[in-house]
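A.B. asks: Okay, so here is data35.cif, and as you'll see once you scroll down, it has mmCIF, C-alpha atoms and all ligand atoms.
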data_final
#
loop_
_atom_site.label_atom_id
_atom_site.label_comp_id
_atom_site.auth_asym_id
_atom_site.auth_seq_id
_atom_site.Cartn_x
_atom_site.Cartn_y
_atom_site.Cartn_z
CA MET A 1 82.18 -1.81 18.63
CA ALA A 2 82.41 -1.40 14.82
CA PRO A 3 79.45 0.56 13.44
CA ASP A 4 77.04 -1.23 11.10
CA LEU A 5 76.65 1.23 8.24
CA HIS A 6 74.15 -1.05 6.56
CA ALA A 7 71.72 -1.26 9.51
CA PRO A 8 68.20 0.12 8.84
CA ASP A 9 68.47 2.28 11.99
CA PHE A 10 71.67 3.92 10.77
CA LEU A 11 70.14 4.49 7.33
CA ARG A 12 67.13 6.24 8.86
CA HIS A 13 68.96 8.20 11.59
CA PRO A 14 72.71 8.30 10.87
CA ALA A 15 73.47 11.34 13.06
CA PRO A 16 73.94 9.64 16.49
CA VAL A 17 76.20 6.95 15.01
CA ILE A 18 78.30 9.54 13.17
CA ASP A 19 78.65 11.67 16.31
CA GLY A 20 79.65 8.58 18.29
CA LEU A 21 82.31 7.67 15.75
CA ARG A 22 83.72 11.20 15.56
CA ALA A 23 83.98 11.28 19.36
CA GLN A 24 86.45 8.35 19.08
CA GLY A 25 88.81 10.28 16.79
CA PRO A 26 89.39 11.14 13.13
CA LEU A 27 90.10 7.50 12.22
CA VAL A 28 88.18 4.55 13.66
CA ARG A 29 87.98 0.84 13.09
CA GLY A 30 84.98 -0.27 11.04
CA HIS A 31 83.52 -3.19 9.21
CA LEU A 32 81.75 -2.99 5.86
CA PRO A 33 79.66 -5.69 4.20
CA ILE A 34 81.71 -7.55 1.56
CA LEU A 35 84.79 -5.38 2.19
CA GLY A 36 85.34 -6.54 5.78
CA LYS A 37 87.70 -4.75 8.24
CA VAL A 38 88.59 -1.18 7.30
CA TRP A 39 89.59 2.13 8.84
CA LEU A 40 86.96 4.88 8.52
CA THR A 41 87.60 8.62 8.56
CA THR A 42 85.14 10.60 10.69
CA THR A 43 86.08 14.23 9.97
CA ASP A 44 86.20 16.50 6.95
CA THR A 45 89.94 17.14 7.42
CA ALA A 46 90.90 13.47 7.58
CA ALA A 47 88.71 12.50 4.59
CA ARG A 48 89.99 15.42 2.49
CA ASP A 49 93.61 14.68 3.42
CA LEU A 50 93.21 11.01 2.49
CA LEU A 51 91.54 11.76 -0.84
CA LYS A 52 94.24 14.24 -1.83
CA ARG A 53 97.22 11.97 -1.02
CA SER A 54 96.97 9.69 -4.03
CA GLY A 55 100.54 8.39 -3.59
CA ASP A 56 99.92 7.27 0.00
CA PHE A 57 96.42 5.86 -0.55
CA VAL A 58 95.98 3.80 -3.71
CA ARG A 59 93.09 2.07 -5.45
CA ASN A 60 94.82 -0.87 -7.06
CA PRO A 61 95.58 -3.29 -4.20
CA ALA A 62 98.58 -4.54 -6.19
CA ASN A 63 100.21 -1.13 -5.49
CA ALA A 64 100.06 -1.87 -1.76
CA ASP A 65 101.20 -5.52 -1.77
CA GLY A 66 97.59 -6.68 -2.04
CA THR A 67 95.87 -9.20 -4.28
CA PRO A 68 94.77 -7.72 -7.63
CA LEU A 69 90.98 -7.51 -7.96
CA GLU A 70 90.91 -10.04 -10.80
CA ARG A 71 92.28 -12.60 -8.32
CA VAL A 72 89.98 -11.54 -5.45
CA TRP A 73 86.93 -11.92 -7.71
CA TRP A 74 88.31 -15.01 -9.51
CA TRP A 75 84.89 -16.66 -9.44
CA PHE A 76 83.29 -13.98 -11.64
CA PRO A 77 82.54 -15.18 -15.21
CA PRO A 78 85.55 -14.47 -17.47
CA PHE A 79 83.70 -11.79 -19.50
CA ILE A 80 83.39 -9.64 -16.33
CA ARG A 81 87.09 -9.72 -15.38
CA PRO A 82 88.22 -7.01 -17.84
CA LEU A 83 85.56 -4.72 -16.34
CA LEU A 84 87.28 -4.85 -12.95
CA ARG A 85 90.28 -3.00 -14.39
CA ASN A 86 88.44 0.28 -14.74
CA ILE A 87 89.23 3.94 -14.02
CA THR A 88 88.08 3.72 -10.37
CA GLN A 89 90.64 0.99 -9.62
CA MET A 90 93.69 2.62 -11.19
CA ASP A 91 96.50 4.76 -9.85
CA GLY A 92 99.15 7.16 -11.14
CA GLU A 93 99.81 7.24 -14.88
CA ASP A 94 97.35 4.42 -15.69
CA HIS A 95 94.58 6.47 -14.10
CA ALA A 96 95.69 9.81 -15.58
CA ARG A 97 95.75 8.32 -19.09
CA LEU A 98 92.11 7.18 -18.93
CA ARG A 99 90.91 10.26 -17.09
CA GLY A 100 92.56 12.52 -19.68
CA LEU A 101 90.59 10.80 -22.43
CA VAL A 102 87.15 11.16 -20.80
CA ASN A 103 87.51 14.52 -19.01
CA PRO A 104 86.52 16.66 -22.04
CA ALA A 105 83.19 14.85 -22.38
CA PHE A 106 82.24 15.90 -18.84
CA ALA A 107 83.66 19.44 -18.88
CA SER A 108 81.19 22.26 -18.25
CA GLY A 109 80.74 23.12 -21.96
CA SER A 110 79.76 19.53 -22.78
CA VAL A 111 77.29 19.43 -19.89
CA GLU A 112 75.75 22.78 -20.94
CA ALA A 113 75.28 21.44 -24.46
CA LEU A 114 73.43 18.45 -23.01
CA ARG A 115 70.89 20.50 -21.00
CA PRO A 116 68.21 20.66 -23.74
CA ALA A 117 68.39 16.86 -24.13
CA ILE A 118 68.07 16.40 -20.34
CA ARG A 119 65.03 18.74 -20.31
CA ASP A 120 63.51 16.78 -23.14
CA ILE A 121 63.98 13.45 -21.35
CA ALA A 122 62.56 14.90 -18.10
CA ASP A 123 59.51 16.35 -19.87
CA ARG A 124 58.78 13.13 -21.72
CA LEU A 125 58.95 11.12 -18.48
CA ILE A 126 56.74 13.67 -16.68
CA ASP A 127 54.17 13.39 -19.51
CA GLU A 128 53.87 9.66 -18.79
CA LEU A 129 53.30 9.93 -15.03
CA PRO A 130 49.85 8.84 -13.85
CA THR A 131 47.70 11.56 -12.28
CA ASP A 132 44.70 9.41 -11.27
CA ARG A 133 46.54 7.33 -8.64
CA PRO A 134 49.69 7.55 -6.48
CA ALA A 135 52.91 7.26 -8.48
CA ASP A 136 56.21 5.96 -7.11
CA ILE A 137 58.33 8.85 -8.27
CA ILE A 138 61.58 6.87 -7.87
CA ARG A 139 60.41 3.99 -10.03
CA ALA A 140 58.45 5.99 -12.59
CA TYR A 141 60.74 9.00 -12.94
CA ALA A 142 64.04 9.27 -11.03
CA ARG A 143 65.13 5.75 -12.02
CA TRP A 144 64.80 6.40 -15.75
CA LEU A 145 66.20 9.85 -16.18
CA PRO A 146 69.91 9.28 -15.43
CA ILE A 147 70.19 6.13 -17.51
CA LEU A 148 68.48 7.75 -20.49
CA VAL A 149 70.76 10.78 -20.11
CA ILE A 150 73.89 8.60 -20.03
CA CYS A 151 72.65 6.77 -23.14
CA ALA A 152 72.08 10.11 -24.89
CA HIS A 153 75.52 11.41 -23.88
CA LEU A 154 77.25 8.20 -24.91
CA GLY A 155 75.51 8.37 -28.28
CA VAL A 156 73.46 5.17 -27.93
CA PRO A 157 70.84 5.22 -30.74
CA GLU A 158 67.38 6.08 -29.39
CA LYS A 159 65.89 2.73 -30.50
CA ASP A 160 68.34 0.80 -28.26
CA ARG A 161 68.03 2.87 -25.07
CA ALA A 162 65.08 1.01 -23.51
CA ASP A 163 66.95 -2.32 -23.95
CA ILE A 164 70.10 -0.93 -22.33
CA ALA A 165 68.06 0.46 -19.41
CA ARG A 166 66.42 -2.95 -18.93
CA TRP A 167 69.71 -4.85 -19.10
CA PHE A 168 71.37 -2.44 -16.71
CA ALA A 169 68.57 -2.39 -14.08
CA PRO A 170 69.81 -5.48 -12.11
CA VAL A 171 73.42 -4.26 -12.42
CA GLY A 172 72.42 -1.02 -10.69
CA ARG A 173 70.67 -3.01 -7.95
CA ALA A 174 73.63 -5.34 -7.27
CA ALA A 175 74.50 -5.08 -3.58
CA GLY A 176 76.14 -8.37 -2.68
CA VAL A 177 77.31 -11.67 -4.08
CA TRP A 178 73.85 -13.01 -5.05
CA THR A 179 72.52 -9.81 -6.54
CA ALA A 180 75.83 -9.43 -8.42
CA LEU A 181 75.35 -12.90 -9.90
CA ARG A 182 71.77 -12.02 -10.84
CA ALA A 183 73.14 -8.99 -12.69
CA THR A 184 75.46 -11.03 -14.92
CA PRO A 185 73.01 -11.77 -17.79
CA GLY A 186 72.31 -8.04 -18.22
CA LEU A 187 76.00 -7.22 -18.02
CA TRP A 188 76.72 -9.90 -20.60
CA ARG A 189 74.13 -8.41 -22.99
CA MET A 190 75.58 -4.94 -22.47
CA SER A 191 79.11 -6.25 -23.10
CA ARG A 192 78.02 -7.96 -26.31
CA TYR A 193 76.09 -4.88 -27.49
CA PHE A 194 78.92 -2.40 -26.83
CA ARG A 195 81.71 -4.61 -28.24
CA ALA A 196 79.69 -4.85 -31.48
CA ASP A 197 79.08 -1.09 -31.31
CA PHE A 198 82.85 -0.37 -31.14
CA GLU A 199 83.18 -2.26 -34.45
CA ARG A 200 80.25 -0.37 -35.98
CA LEU A 201 81.75 2.97 -34.91
CA ARG A 202 85.13 2.18 -36.42
CA ALA A 203 83.36 1.67 -39.75
CA THR A 204 80.78 4.49 -39.39
CA PRO A 205 81.41 7.22 -36.80
CA ARG A 206 78.42 8.96 -35.16
CA PRO A 207 78.27 11.64 -32.43
CA GLY A 208 78.67 10.66 -28.77
CA ILE A 209 81.26 9.80 -26.13
CA ILE A 210 81.66 6.18 -27.20
CA ASN A 211 82.56 7.33 -30.70
CA ASP A 212 85.05 9.87 -29.30
CA LEU A 213 86.66 7.19 -27.14
CA VAL A 214 86.80 4.71 -30.00
CA GLN A 215 88.51 7.31 -32.21
CA ALA A 216 90.66 8.79 -29.39
CA ARG A 217 94.41 8.49 -29.61
CA GLN A 218 97.20 9.78 -27.39
CA GLY A 219 100.23 9.55 -29.68
CA SER A 220 100.20 6.00 -31.01
CA ASP A 221 98.24 4.85 -27.95
CA ARG A 222 94.55 4.00 -28.29
CA LEU A 223 92.10 2.25 -25.99
CA SER A 224 91.68 -1.49 -26.37
CA ASP A 225 88.14 -2.92 -26.57
CA ASP A 226 88.49 -4.19 -22.97
CA GLU A 227 89.42 -0.69 -21.81
CA LEU A 228 86.60 0.89 -23.81
CA LEU A 229 84.07 -1.51 -22.37
CA ALA A 230 85.34 -1.04 -18.80
CA MET A 231 84.98 2.74 -19.24
CA VAL A 232 81.46 2.57 -20.68
CA ILE A 233 80.26 0.27 -17.88
CA ALA A 234 82.00 2.48 -15.25
CA LEU A 235 80.05 5.46 -16.60
CA PHE A 236 76.76 3.57 -16.30
CA ILE A 237 77.57 2.37 -12.79
CA GLY A 238 78.98 5.71 -11.58
CA GLY A 239 76.25 7.83 -13.08
CA SER A 240 72.98 5.96 -12.64
CA ASP A 241 71.87 5.01 -9.11
CA THR A 242 73.88 7.82 -7.54
CA THR A 243 71.92 10.37 -9.57
CA VAL A 244 68.62 8.50 -9.13
CA HIS A 245 68.92 8.99 -5.38
CA LEU A 246 70.18 12.57 -5.54
CA ILE A 247 66.97 13.32 -7.44
CA GLY A 248 64.89 11.21 -5.01
CA ASN A 249 66.46 12.80 -1.92
CA ALA A 250 65.89 16.29 -3.29
CA ILE A 251 62.24 15.49 -4.11
CA TYR A 252 61.77 14.10 -0.59
CA GLU A 253 63.04 17.33 0.98
CA MET A 254 60.81 19.39 -1.32
CA LEU A 255 57.84 17.32 -0.15
CA THR A 256 58.59 17.44 3.54
CA VAL A 257 60.39 20.70 4.42
CA PRO A 258 57.87 23.51 5.00
CA GLY A 259 58.48 26.64 2.93
CA LEU A 260 61.10 25.10 0.62
CA ARG A 261 58.93 25.18 -2.50
CA GLU A 262 58.00 28.79 -1.88
CA THR A 263 61.68 29.74 -1.41
CA LEU A 264 62.66 28.15 -4.72
CA GLU A 265 59.61 29.47 -6.53
CA ALA A 266 60.42 33.00 -5.38
CA ASP A 267 64.10 32.70 -6.34
CA PRO A 268 64.75 30.16 -9.12
CA LYS A 269 68.45 31.13 -9.09
CA ALA A 270 68.65 29.36 -5.72
CA TRP A 271 68.12 25.90 -7.32
CA PRO A 272 71.81 25.06 -7.83
CA PHE A 273 72.55 25.98 -4.18
CA PHE A 274 69.68 23.80 -2.98
CA ILE A 275 70.96 20.84 -5.02
CA GLU A 276 74.44 21.43 -3.57
CA GLU A 277 73.02 21.40 -0.05
CA ILE A 278 71.24 18.11 -0.75
CA MET A 279 74.61 16.79 -1.97
CA ARG A 280 76.12 17.82 1.36
CA LEU A 281 73.45 16.84 3.86
CA LYS A 282 71.67 14.02 2.01
CA SER A 283 74.35 12.87 -0.41
CA PRO A 284 73.39 9.55 -1.99
CA VAL A 285 77.01 8.32 -1.70
CA MET A 286 77.90 7.72 1.96
CA PHE A 287 81.50 6.65 1.35
CA THR A 288 83.85 6.24 -1.58
CA ASN A 289 85.44 3.07 -2.85
CA MET A 290 88.10 1.63 -0.60
CA TYR A 291 91.71 2.93 -0.57
CA HIS A 292 94.80 0.84 0.27
CA VAL A 293 97.63 2.23 2.39
CA SER A 294 100.78 2.20 0.22
CA ARG A 295 103.38 2.67 3.02
CA ASP A 296 103.57 2.51 6.81
CA MET A 297 102.71 5.94 8.19
CA GLU A 298 101.18 8.02 10.95
CA PHE A 299 97.83 9.45 9.80
CA HIS A 300 95.82 11.80 12.00
CA GLY A 301 97.13 10.15 15.16
CA THR A 302 96.80 6.53 13.97
CA ARG A 303 99.60 4.20 12.90
CA LEU A 304 98.67 2.76 9.50
CA ARG A 305 100.45 -0.20 7.94
CA ARG A 306 101.05 -0.83 4.22
CA GLY A 307 98.21 -2.89 2.81
CA GLU A 308 95.58 -1.79 5.37
CA ARG A 309 92.32 -0.47 3.96
CA VAL A 310 90.80 2.96 4.57
CA VAL A 311 87.42 4.36 3.56
CA PRO A 312 86.64 8.09 3.63
CA LEU A 313 83.23 8.41 5.27
CA LEU A 314 81.78 11.26 3.19
CA ILE A 315 78.53 11.33 5.17
CA ALA A 316 80.55 12.10 8.35
CA ALA A 317 82.78 14.68 6.64
CA ASN A 318 79.76 16.49 5.24
CA GLN A 319 78.17 16.84 8.67
CA ASP A 320 81.37 17.85 10.46
CA PRO A 321 80.55 20.86 12.67
CA ASP A 322 84.18 22.02 12.47
CA ARG A 323 83.69 22.52 8.74
CA PHE A 324 80.03 23.55 8.41
CA PRO A 325 78.15 25.96 10.67
CA GLU A 326 74.74 24.45 11.56
CA ALA A 327 76.04 21.24 10.03
CA ARG A 328 72.79 19.30 10.62
CA ALA A 329 70.47 21.94 9.20
CA LEU A 330 69.29 22.08 5.60
CA VAL A 331 70.26 25.60 4.52
CA PRO A 332 68.98 25.79 0.92
CA ASN A 333 71.21 28.69 -0.12
CA ARG A 334 74.30 27.71 1.91
CA ARG A 335 77.46 29.46 0.69
CA PRO A 336 80.27 28.45 0.76
CA ASN A 337 79.44 24.76 0.60
CA ALA A 338 82.70 22.88 -0.02
CA HIS A 339 81.29 19.42 0.72
CA LEU A 340 82.86 16.09 -0.19
CA GLY A 341 79.72 14.54 -1.71
CA PHE A 342 81.57 14.07 -5.01
CA GLY A 343 84.84 13.06 -3.34
CA ALA A 344 88.09 14.99 -3.90
CA GLY A 345 91.55 14.47 -5.37
CA VAL A 346 92.39 12.54 -8.53
CA HIS A 347 89.32 10.26 -8.34
CA MET A 348 86.88 13.12 -7.72
CA CYS A 349 83.62 12.42 -9.52
CA LEU A 350 84.02 12.68 -13.25
CA GLY A 351 80.29 13.26 -13.77
CA MET A 352 79.57 15.83 -11.05
CA GLY A 353 78.63 18.62 -13.46
CA LEU A 354 76.28 16.28 -15.26
CA ALA A 355 74.74 15.02 -11.99
CA ARG A 356 74.13 18.59 -10.82
CA ALA A 357 72.47 19.52 -14.12
CA GLU A 358 70.31 16.39 -14.09
CA ALA A 359 69.12 16.91 -10.52
CA HIS A 360 68.38 20.59 -11.07
CA ILE A 361 66.41 19.96 -14.27
CA ALA A 362 64.65 16.80 -13.03
CA VAL A 363 63.40 18.27 -9.76
CA SER A 364 62.59 21.79 -10.96
CA ARG A 365 60.70 20.55 -14.06
CA LEU A 366 58.66 18.13 -11.93
CA PHE A 367 57.59 20.81 -9.43
CA GLU A 368 56.92 23.34 -12.18
CA ARG A 369 54.45 20.89 -13.72
CA TYR A 370 52.99 19.66 -10.42
CA PRO A 371 53.48 22.44 -7.85
CA ASP A 372 50.99 20.85 -5.42
CA MET A 373 52.50 17.37 -5.46
CA ARG A 374 52.23 15.63 -2.06
CA LEU A 375 53.65 12.53 -0.40
CA ALA A 376 50.96 9.83 -0.61
CA CYS A 377 51.89 8.34 2.81
CA PRO A 378 53.24 9.60 6.15
CA PRO A 379 57.06 10.09 5.95
CA ASP A 380 57.56 7.49 8.69
CA ASP A 381 56.06 4.81 6.44
CA LEU A 382 58.86 5.23 3.88
CA THR A 383 61.61 2.62 3.79
CA PRO A 384 65.26 3.65 3.40
CA LEU A 385 67.13 2.03 0.57
CA HIS A 386 69.14 -1.00 1.72
CA ARG A 387 72.15 -0.83 -0.60
CA ILE A 388 75.70 -0.67 0.67
CA GLY A 389 77.04 2.88 0.60
CA LEU A 390 73.95 4.41 -0.99
CA ARG A 391 71.50 6.67 0.76
CA GLY A 392 67.98 7.13 -0.55
CA TRP A 393 64.43 5.79 -0.43
CA LYS A 394 63.20 2.47 -1.76
CA SER A 395 60.14 4.22 -3.09
CA LEU A 396 58.48 7.64 -2.84
CA PRO A 397 54.72 7.38 -3.47
CA VAL A 398 53.27 10.75 -4.41
CA ASP A 399 49.96 12.24 -5.48
CA LEU A 400 50.82 14.57 -8.33
CA VAL A 401 47.45 16.27 -8.17
CA PRO A 402 46.05 16.14 -4.64
C1 LIG B 501 74.68 12.45 -7.52
C2 LIG B 501 75.38 11.79 -8.38
C3 LIG B 501 76.78 11.35 -8.14
C4 LIG B 501 77.47 11.20 -6.96
C5 LIG B 501 77.00 11.48 -5.56
C6 LIG B 501 78.80 10.72 -7.32
C7 LIG B 501 79.80 10.50 -6.41
C8 LIG B 501 81.07 10.12 -6.75
C9 LIG B 501 82.16 10.00 -5.83
C10 LIG B 501 82.08 10.26 -4.32
C11 LIG B 501 83.26 9.62 -6.53
C12 LIG B 501 84.66 9.42 -5.98
C13 LIG B 501 84.86 7.99 -5.68
C14 LIG B 501 86.18 7.68 -5.01
O1 LIG B 501 86.99 8.51 -4.64
O2 LIG B 501 86.29 6.50 -4.84
C15 LIG B 501 82.85 9.46 -7.91
C16 LIG B 501 83.68 9.04 -8.92
C17 LIG B 501 83.24 8.82 -10.20
N1 LIG B 501 82.01 9.17 -10.74
FE1 LIG B 501 80.48 9.99 -9.75
N2 LIG B 501 78.86 10.56 -8.68
C18 LIG B 501 77.67 10.96 -9.22
C19 LIG B 501 77.33 11.02 -10.56
C20 LIG B 501 78.15 10.60 -11.59
C21 LIG B 501 77.80 10.65 -12.99
C22 LIG B 501 76.52 11.28 -13.57
C23 LIG B 501 78.83 10.05 -13.67
C24 LIG B 501 79.00 9.83 -15.15
C25 LIG B 501 78.04 9.60 -15.99
C26 LIG B 501 79.82 9.64 -12.69
C27 LIG B 501 80.99 8.98 -12.97
C28 LIG B 501 81.99 8.78 -12.05
C29 LIG B 501 83.25 8.13 -12.39
C30 LIG B 501 83.64 7.54 -13.74
C31 LIG B 501 84.03 8.17 -11.23
C32 LIG B 501 85.43 7.61 -11.06
C33 LIG B 501 86.42 8.71 -11.33
C34 LIG B 501 87.84 8.26 -11.15
O3 LIG B 501 88.10 7.23 -10.54
O4 LIG B 501 88.71 8.99 -11.65
N3 LIG B 501 79.37 10.01 -11.44
N4 LIG B 501 81.52 9.80 -8.02
#
Can the structure in the file be given as structure tokens, please?
Ligand code: HEM

C.D. replies:
Amino acid sequence: MAPDLHAPDFLRHPAPVIDGLRAQGPLVRGHLPILGKVWLTTTDTAARDLLKRSGDFVRNPANADGTPLERVWWWFPPFIRPLLRNITQMDGEDHARLRGLVNPAFASGSVEALRPAIRDIADRLIDELPTDRPADIIRAYARWLPILVICAHLGVPEKDRADIARWFAPVGRAAGVWTALRATPGLWRMSRYFRADFERLRATPRPGIINDLVQARQGSDRLSDDELLAMVIALFIGGSDTTVHLIGNAIYEMLTVPGLRETLEADPKAWPFFIEEIMRLKSPVMFTNMYHVSRDMEFHGTRLRRGERVVPLLIAANQDPDRFPEARALVPNRRPNAHLGFGAGVHMCLGMGLARAEAHIAVSRLFERYPDMRLACPPDDLTPLHRIGLRGWKSLPVDLVP
């Protein structure tokens, strides 16, 4: 039977389902909400192989005899259609062109330069947390930090950031047809704001990624306003809820795993390894976007036909005992830790350096300020997030000062 990767039981205890799937082979039949029938990889080797073969597995369905996304989602309002042609849905030269333009903004030097701003945002949010009653640390802290950091990195003026965060909130929560429709007013406001901003920046440049993209040229080629907007929205979508739940999942482990705080307090250099281990064992992204098979082929013992759809199950790859010793254990200083939490191959996460920096700063600053923070309810009372492909907690009530 096809696994239900959206079922509350799976979200709370994924291990037995993953083991059951892997026992059937490296590629199994599955069914995903909205996407329908797909193949799922169950091992690290199969997922890695798929992600690295960008000629055999493509993102744009039109490159595998499929219907282009604009036609699949024909019922979306016209202003959304250009957003569907974004970096995540492109292959080959189209993809390389866009990726080449944004890569420098996410290279390690750019992320290092952003660290003081991230610290500042974290500290300001921590200052506002209530200490006289339980605080939902997801809602009051983790939810805000990534969006404010993206705004800062993009160069959105400070006075406009709260509006953008408010408009984007329902977009981040979109998990199906109805929630997607509910997100359209916010998306429309963002589209209007950023299209006007492209005009402003052409007249008066100011620092930030949007400015760099507006000014960017490769030869005589420059990005159209549709392409610019699709990129900006892809950065918000790719970098917000993913990072919210990396931060939330790391905080949860800090609150519930005995001795973890002491380990990190004694050796602050271990923080990046701890964040990496959360990315492996509790990665907020359970699987990547869908890939389309571009030619008939044999893949890890399964006959695949052109046009079929395959999804690399990152959560299964990252717990594969053939790849990771003690795969189910949280080993805070695990080395090496070559997980697939950020994907691999040409679509590997553009913002992974930024996400790592955000999670490290957000969680360490919080526990430095409130070293005795406690969960305000038994762990079993917490509800897993119910959003396709995302792994996290709906809320995390904490007492900052017990
Ligand atoms: C914990 C946080 C994050 C996780 C777990 C994560 C995970 C991923 C994964 C697995 C992919 C590959 C998707 C695929 O192959 O289909 C991806 C791609 C991408 N991510 Fe992230 N991401 C995170 C944070 C960020 C941030 C902070 C940004 C930027 C602000 C970002 C922007 C992107 C973009 C633009 C892509 C598409 C790249 C492409 O298609 O070339 N991500 N991410």

A.B. asks: Considering only C-alpha atoms and all ligand atoms, state which residue in the set A:His360, A:Arg182, A:His386, A:Arg295 is at the smallest distance from ligand LIG 501 (chain B).

C.D. replies: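 Of A:His360, A:Arg182, A:His386, A:Arg295, the one nearest ligand LIG 501 (chain B) is A:His360, counting only C-alpha atoms and all ligand atoms.
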
A.B. asks: Please identify all polymer residues within 9 Å of A:Asp4, counting all atoms listed in the file, omitting same-chain residues fewer than 2 positions from it, and present them as a ChimeraX atom specification.

C.D. replies: /A:2,6-7,10,30-33

A.B. asks: Set the distance at 7 Å and use only C-alpha atoms: which residues neighbour stretch 58-69 of chain A once local chain neighbours fewer than 3 positions away are removed? I'd like the list as a list in words.

C.D. replies: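 The contact residues come out as Ser54, Gly55, Val72, Trp73, Leu84, Gln89, Met90, Asp91, Met290, Tyr291, His292, Val293, Ser294, Arg306 and Gly307 of chain A.
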
A.B. asks: For those residues, write C-alpha atoms to a file as an mmCIF file, in the coordinates of the input.

C.D. replies:
data_model
loop_
_atom_site.group_PDB
_atom_site.id
_atom_site.type_symbol
_atom_site.label_atom_id
_atom_site.label_comp_id
_atom_site.auth_asym_id
_atom_site.auth_seq_id
_atom_site.Cartn_x
_atom_site.Cartn_y
_atom_site.Cartn_z
ATOM 1 C CA SER A 54 96.970 9.690 -4.030
ATOM 2 C CA GLY A 55 100.540 8.390 -3.590
ATOM 3 C CA VAL A 72 89.980 -11.540 -5.450
ATOM 4 C CA TRP A 73 86.930 -11.920 -7.710
ATOM 5 C CA LEU A 84 87.280 -4.850 -12.950
ATOM 6 C CA GLN A 89 90.640 0.990 -9.620
ATOM 7 C CA MET A 90 93.690 2.620 -11.190
ATOM 8 C CA ASP A 91 96.500 4.760 -9.850
ATOM 9 C CA MET A 290 88.100 1.630 -0.600
ATOM 10 C CA TYR A 291 91.710 2.930 -0.570
ATOM 11 C CA HIS A 292 94.800 0.840 0.270
ATOM 12 C CA VAL A 293 97.630 2.230 2.390
ATOM 13 C CA SER A 294 100.780 2.200 0.220
ATOM 14 C CA ARG A 306 101.050 -0.830 4.220
ATOM 15 C CA GLY A 307 98.210 -2.890 2.810
#

A.B. asks: Which protein, DNA or RNA residues have an atom within 8 Å of ligand LIG 501 (chain B), counting only C-alpha atoms and all ligand atoms, as a ChimeraX atom specification?

C.D. replies: /A:51,87-90,95,99,106,146,150,231,234-247,279,283-291,314,340-356,359

A.B. asks: Give me, as a Markdown table, each residue of stretch 88-181 of chain A that comes within 12 Å of stretch 190-205 of chain A, together with its shortest interatomic pair and the distance in Å at one decimal, counting only C-alpha atoms, with rows ordered by chain and rising residue number.

C.D. replies:
| residue | atom | partner | partner_atom | distance |
| --- | --- | --- | --- | --- |
| A:Cys151 | CA | A:Phe194 | CA | 11.7 |
| A:Leu154 | CA | A:Phe194 | CA | 10.9 |
| A:Gly155 | CA | A:Pro205 | CA | 10.4 |
| A:Val156 | CA | A:Asp197 | CA | 9.1 |
| A:Pro157 | CA | A:Asp197 | CA | 10.4 |
| A:Asp160 | CA | A:Tyr193 | CA | 9.6 |
| A:Arg161 | CA | A:Met190 | CA | 11.2 |
| A:Asp163 | CA | A:Met190 | CA | 9.1 |
| A:Ile164 | CA | A:Met190 | CA | 6.8 |
| A:Ala165 | CA | A:Met190 | CA | 9.8 |
| A:Arg166 | CA | A:Met190 | CA | 10.0 |
| A:Trp167 | CA | A:Met190 | CA | 6.8 |
| A:Phe168 | CA | A:Met190 | CA | 7.6 |
| A:Ala169 | CA | A:Met190 | CA | 11.2 |
| A:Pro170 | CA | A:Met190 | CA | 11.9 |
| A:Val171 | CA | A:Met190 | CA | 10.3 |
